[in-house]
Every structure is written in C-alpha cells, then in structure tokens.
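K.L.:
Let me begin by handing over the structure; questions about it come next.
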Amino acid sequence: MKKNRLSFAIRTEDDGFSAQCIEFPGIITQADTEPKLREMIDDAVSGYFEAFPEEKDRLEKIKKGKIIEVAI
C-alpha cells in the first residue's frame, strides 16, 4: 500500500523547534531538539487522524489534485 506524505514547516524557536503541517495546519507540535521534534511530529499526526478519521479522505483528495507553487 502506498503511503501518503505530509509536508511540515519547521521553525527555530527560542526554546527549541516547532513544526506545522502544510496540508493540515491543525497538526502542530514542538520539541527541544530536532530528533525529538521528529518523534513529536509522528505523535501529532497519529493523534490528529485518530481524532479526525474523516480527514484521511481529504488527504486522498489533496494528493490526487494538482499542486502549484507560487513565489511570494
């Protein structure tokens, strides 16, 4: 089975790092270190889709659609 991929914006904060999902802005987390941030991202994604299982359908539609990048 093909796995879907999510994109995250990683920011350096005063007390560590934060990450916010591009496709699902409600998936956001933080950690003291980058390796710990990866763990927290996995946990946040699992928790989000456990709480909102219907969002997996939206993910399928996003990934089947066309993505256009725009410079700002």
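By order of appearance in the structure tokens: chains A, B, ..., then residues from 1 within every chain, and ligands from 1 in the order shown.
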Which residues come within 8 Å of A:Met40, counting only C-alpha atoms, excluding same-chain residues fewer than 6 positions away, as a JSON list (two decimals) with C-alpha atoms, in the first residue's frame?
P.N.:
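Printed below is around-v6.json as written:
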```json
[["chain", "number", "residue", "atom", "x", "y", "z"],
["A", 29, "THR", "CA", 3.87, 20.38, 17.66],
["A", 30, "GLN", "CA", 7.12, 21.44, 19.30],
["A", 31, "ALA", "CA", 10.24, 19.95, 20.92]]
```
K.L.:
Leaving out A:Phe17 and any residue of its chain fewer than 5 positions from it, which residues lie within 10 Å of it when counting only C-alpha atoms, given as a PDB file with C-alpha atoms, in the first residue's frame?
P.N.:
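Ended up saving to around.pdb:
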```
ATOM      1  CA  ILE A  10       9.948  23.696  10.735  1.00  0.00           C
ATOM      2  CA  ARG A  11      10.735  26.805  12.736  1.00  0.00           C
ATOM      3  CA  THR A  12      13.531  27.510  15.180  1.00  0.00           C
ATOM      4  CA  THR A  29       3.869  20.380  17.657  1.00  0.00           C
ATOM      5  CA  GLN A  30       7.125  21.436  19.295  1.00  0.00           C
ATOM      6  CA  ALA A  31      10.237  19.952  20.917  1.00  0.00           C
ATOM      7  CA  ASP A  32      13.581  20.908  22.411  1.00  0.00           C
ATOM      8  CA  THR A  33      15.673  19.176  19.731  1.00  0.00           C
ATOM      9  CA  GLU A  34      15.245  18.265  16.065  1.00  0.00           C
ATOM     10  CA  LYS A  36      12.731  14.817  19.396  1.00  0.00           C
ATOM     11  CA  LEU A  37      10.696  17.001  17.017  1.00  0.00           C
TER      12      LEU A  37
END
```
K.L.:
Enumerate the residues of chain A with a DSSP assignment of strand (DSSP E or B), computed from the backbone, and present them as an mmCIF file with C-alpha atoms, in the first residue's frame.
P.N.:
```cif
data_model
loop_
_atom_site.group_PDB
_atom_site.id
_atom_site.type_symbol
_atom_site.label_atom_id
_atom_site.label_comp_id
_atom_site.auth_asym_id
_atom_site.auth_seq_id
_atom_site.Cartn_x
_atom_site.Cartn_y
_atom_site.Cartn_z
ATOM 1 C CA PHE A 8 5.904 20.341 7.598
ATOM 2 C CA ALA A 9 7.191 23.864 8.101
ATOM 3 C CA ILE A 10 9.948 23.696 10.735
ATOM 4 C CA ARG A 11 10.735 26.805 12.736
ATOM 5 C CA THR A 12 13.531 27.510 15.180
ATOM 6 C CA GLU A 13 12.050 28.917 18.382
ATOM 7 C CA GLY A 16 13.657 24.639 20.577
ATOM 8 C CA PHE A 17 11.735 23.875 17.405
ATOM 9 C CA SER A 18 8.145 23.851 16.193
ATOM 10 C CA ALA A 19 6.522 22.115 13.238
ATOM 11 C CA GLN A 20 3.236 22.793 11.456
ATOM 12 C CA CYS A 21 1.751 20.617 8.735
ATOM 13 C CA ILE A 28 1.308 21.361 15.058
ATOM 14 C CA THR A 29 3.869 20.380 17.657
ATOM 15 C CA GLN A 30 7.125 21.436 19.295
ATOM 16 C CA ALA A 31 10.237 19.952 20.917
#
```
K.L.:
Please provide the set of residues having any atom within 9 Å of stretch 48-65 of chain A, restricted to only C-alpha atoms, with same-chain residues fewer than 5 positions apart removed, written as a PyMOL selection string.
P.N.:
chain A and resi 4-6+23-24+26-27+43
